[in-house]
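Inspection log for the structure reproduced underneath, given as structure tokens.
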Amino acid sequence: VTEISYDSHMHVELIQSTGTDKTIVAAARVSTVGELSADSFAADAPDQTGLINFLMKNRHGTPFEHGLFTFRVRVPIFVMRELHRHRIAFSFNEESGRYKKLDPVFFVPDVDRALIQTGKPGHYVYVPGEPDDTQFVKRSIERNSIQAWNEYNLMLDRGIAKEVARMVLPVNIYSTCYVTCNPRSLMAFLSLRTKSDEAKFPSYPMREIEQMGFQFEDHFSERYPITHEAFCKNGRVSP
Ligand SMILES: Cc1cc2nc3c(=O)[nH]c(=O)nc-3n(C[C@H](O)[C@H](O)[C@H](O)COP(=O)(O)OP(=O)(O)OC[C@H]3O[C@@H](n4cnc5c(N)ncnc54)[C@H](O)[C@@H]3O)c2cc1C
């Protein structure tokens with residue numbers, strides 16, 4: 001099979017985003033000043049770092065819902081499956097294995113991927129393993145991907161429906177999805193799917209979804225710098 005390719009990266013592209021720190025400030029201030037909250041958007045509006053920090057610390061979460069990010073992600077299905085567990089205020093549309101022939105791109109771990117699991121459930125630690133483990137894993141995954149892709153094509157060539165032929169494909173095949181969420185739900189996601197020394201409640205996510213999460217976080221911190229800083233300062237707890 002010559003058409004197969006392998007990839008070790010999580011791909012995230014920001015398609016659109018709305019809102020800024022000022023949107024959050026305006027949404028919060030409507031409570032106390034009504035229509036005057038519109039002045040929060042003025043270029044010379046006073047610094048509201050303190051207010052955002054107060055909202056974050058005291059978990060007044062709803063002002064953080066006024067904003068939006070749409071990402072296009074291309075990740076292996078085993079990462080997509082974890083992403084889709086975030087049900088609340090995340091919207092998804094994914095390519096279909098029923099309507100479209102899937103692309104022959106398969107994930108293989110790179111040399112930096114720790115391969116051996118130690119410790120207890122909930123606190124697993126991953127360590128590198130023997131020097132030739134990476135090659136062993138790589139060869140095993142590649143053999144399996146080739147075999148699965150061949151069987152998939154044999155069935156398609158025979159006229160079998162895509163939704164049936166795909167049943168042989170492994171979870172390391174890549175898929176593409178649009179994901180839309182607001183800043184509050186994004187922080188909930190980041191609190192669970194990234195590991196940080198600043199976290200009040202540390203999480204132990206899988207490396208690949210964390211790599212995707214850090215890319216989400218880069219867009220978040222760029223678009224909402226004050227909110228992002230308050231999130232980190234207050235233990236990365238979603239308000
Ligand atoms: C390190 C790690 C290990 C994991 N291991 C497993 C595993 O072994 N098996 C497994 O099945 N999953 C596992 N998960 C997935 C996990 O159980 C959650 O499905 C996932 O993290 C999404 O979290 P969430 O439900 O808070 O998010 P969302 O679905 O986005 O929900 C956001 C918030 O809305 C509220 N909410 C949503 N739905 C309800 C509801 N029905 N009732 C009441 N409140 C609701 C809750 O406050 C929730 O926190 C793991 C997740 C992590 C981070």
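In the structure tokens, chains take letters A, B, ... by order of appearance, with residues numbered from 1 within each chain and ligands from 1 in the order shown.
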
**Report entry** Residues near Thr227 of chain A, cut-off 8 Å, only C-alpha atoms, skip fewer than 4 positions along chain, as a PyMOL selection string
**Finding:** chain A and resi 21+52-53+221+231

Query raised in the report: If you run DSSP on the backbone, which residues of segment 32-232 of chain A are strand (DSSP E or B), as a ChimeraX atom specification?
Result: /A:68-76,90-94,105-107,116-118,125-127,173-181

Which residues of chain A have any atom within 10 Å of an atom in ligand 1 when counting only C-alpha atoms and all ligand atoms, and what is the closest pair of atoms for each, with the distance in Å to one decimal? Order the rows by chain and rising number and write it as CSV.
```
residue,atom,partner,partner_atom_place_in_ligand_line,distance
A:Arg81,CA,ligand 1,15 (C),9.7
A:Glu82,CA,ligand 1,15 (C),6.8
A:Leu83,CA,ligand 1,22 (C),8.0
A:His84,CA,ligand 1,22 (C),8.1
A:Arg85,CA,ligand 1,19 (O),4.6
A:His86,CA,ligand 1,30 (O),3.4
A:Arg87,CA,ligand 1,29 (O),3.6
A:Ile88,CA,ligand 1,30 (O),3.8
A:Ala89,CA,ligand 1,30 (O),6.7
A:Phe90,CA,ligand 1,30 (O),6.9
A:Pro121,CA,ligand 1,8 (O),8.9
A:Gly122,CA,ligand 1,1 (C),6.7
A:His123,CA,ligand 1,1 (C),8.7
A:Tyr124,CA,ligand 1,1 (C),9.5
A:Cys181,CA,ligand 1,30 (O),9.9
A:Arg184,CA,ligand 1,32 (C),9.9
A:Ser185,CA,ligand 1,30 (O),6.8
A:Leu186,CA,ligand 1,30 (O),9.0
A:Ala188,CA,ligand 1,32 (C),6.9
A:Phe189,CA,ligand 1,27 (O),7.1
A:Leu190,CA,ligand 1,53 (C),9.2
A:Ser191,CA,ligand 1,53 (C),8.2
A:Leu192,CA,ligand 1,53 (C),4.4
A:Arg193,CA,ligand 1,53 (C),5.3
A:Thr194,CA,ligand 1,53 (C),8.3
A:Lys195,CA,ligand 1,1 (C),9.4
A:Pro202,CA,ligand 1,1 (C),9.2
A:Ser203,CA,ligand 1,1 (C),5.5
A:Tyr204,CA,ligand 1,1 (C),4.5
A:Pro205,CA,ligand 1,1 (C),4.3
A:Met206,CA,ligand 1,1 (C),7.0
A:Ile209,CA,ligand 1,53 (C),9.5
A:Glu210,CA,ligand 1,53 (C),9.6
A:Ser238,CA,ligand 1,49 (O),9.3
```

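Considering the residues A:Phe107, A:Phe69, A:Tyr224, A:Tyr126 and counting only C-alpha atoms, Val25 of chain A has its shortest atom-to-atom contact with A:Tyr224.
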
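Closest approach to Val79 of chain A among A:His228, A:His9, A:Lys200, A:Arg236 is made by A:His9 (distances from only C-alpha atoms).
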
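Considering only C-alpha atoms, the residue among A:Leu169, A:Leu68, A:Ala114, A:Val164 positioned nearest to Thr20 of chain A is A:Leu68.
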
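Residues within 9 Å of Glu142 of chain A, counting only C-alpha atoms and excluding same-chain residues fewer than 3 positions away, are Tyr6, Phe106, Phe107, Val108, Val137, Lys138, Arg139, Ser145, Ile146 and Gln147 of chain A.
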
Report summary line: In terms of only C-alpha atoms, the residue from A:Ile24, A:Ala161, A:Leu14, A:Val179 at minimal distance from Lys100 of chain A is A:Ala161

At a cut-off of 12 Å, using only C-alpha atoms, what residues contact Gly129 of chain A? Leave out same-chain residues fewer than 5 positions from it and give the result as a PDB file with N, CA and C atoms, in the first residue's frame.
```pdb
ATOM      1  N   VAL A 111       8.932   9.775  19.011  1.00  0.00           N
ATOM      2  CA  VAL A 111       9.938   9.237  19.938  1.00  0.00           C
ATOM      3  C   VAL A 111       9.811   9.810  21.352  1.00  0.00           C
ATOM      4  N   ASP A 112       9.166  10.967  21.478  1.00  0.00           N
ATOM      5  CA  ASP A 112       9.021  11.591  22.800  1.00  0.00           C
ATOM      6  C   ASP A 112       7.866  11.026  23.616  1.00  0.00           C
ATOM      7  N   ARG A 113       7.072  10.170  23.008  1.00  0.00           N
ATOM      8  CA  ARG A 113       5.881   9.646  23.672  1.00  0.00           C
ATOM      9  C   ARG A 113       6.284   8.544  24.664  1.00  0.00           C
ATOM     10  N   ALA A 114       6.067   8.821  25.979  1.00  0.00           N
ATOM     11  CA  ALA A 114       6.361   7.799  26.984  1.00  0.00           C
ATOM     12  C   ALA A 114       5.395   6.630  26.788  1.00  0.00           C
ATOM     13  N   LEU A 115       5.914   5.407  26.907  1.00  0.00           N
ATOM     14  CA  LEU A 115       5.119   4.241  26.490  1.00  0.00           C
ATOM     15  C   LEU A 115       4.735   3.304  27.618  1.00  0.00           C
ATOM     16  N   ILE A 116       5.362   3.445  28.771  1.00  0.00           N
ATOM     17  CA  ILE A 116       5.118   2.482  29.855  1.00  0.00           C
ATOM     18  C   ILE A 116       4.336   3.158  30.974  1.00  0.00           C
ATOM     19  N   GLN A 117       3.267   2.470  31.393  1.00  0.00           N
ATOM     20  CA  GLN A 117       2.369   3.011  32.415  1.00  0.00           C
ATOM     21  C   GLN A 117       2.763   2.456  33.785  1.00  0.00           C
ATOM     22  N   THR A 118       2.940   3.367  34.757  1.00  0.00           N
ATOM     23  CA  THR A 118       3.215   2.912  36.121  1.00  0.00           C
ATOM     24  C   THR A 118       2.275   3.651  37.073  1.00  0.00           C
ATOM     25  N   THR A 134       9.977   2.192  21.112  1.00  0.00           N
ATOM     26  CA  THR A 134       9.321   3.096  20.158  1.00  0.00           C
ATOM     27  C   THR A 134       9.235   2.453  18.782  1.00  0.00           C
ATOM     28  N   GLN A 135      10.336   1.833  18.345  1.00  0.00           N
ATOM     29  CA  GLN A 135      10.327   1.170  17.035  1.00  0.00           C
ATOM     30  C   GLN A 135       9.360  -0.006  17.027  1.00  0.00           C
ATOM     31  N   PHE A 136       9.321  -0.746  18.135  1.00  0.00           N
ATOM     32  CA  PHE A 136       8.421  -1.895  18.240  1.00  0.00           C
ATOM     33  C   PHE A 136       6.964  -1.441  18.081  1.00  0.00           C
ATOM     34  N   VAL A 137       6.615  -0.385  18.829  1.00  0.00           N
ATOM     35  CA  VAL A 137       5.243   0.137  18.785  1.00  0.00           C
ATOM     36  C   VAL A 137       4.930   0.671  17.390  1.00  0.00           C
TER      37      VAL A 137
END
```

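Counting only C-alpha atoms and comparing A:Trp149, A:Ile4, A:Thr23, A:Pro183, the residue that lies closest to Ser40 of chain A is A:Thr23.
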
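The neighbours of Thr70 of chain A here are the residues that come within 12 Å of it, using only C-alpha atoms and leaving out any residue fewer than 2 positions away in the same chain; they are A:Val12, A:Glu13, A:Leu14, A:Ile15, A:Gln16, A:Ser17, A:Thr18, A:Gly67, A:Leu68, A:Arg72, A:Val73, A:Ala89, A:Phe90, A:Ser91, A:Phe92, A:Asn93, A:Cys177, A:Tyr178, A:Val179, A:Thr180, A:Cys181, A:Asn182, A:Pro183, A:Leu186, A:Phe216, A:His219, A:Phe220.
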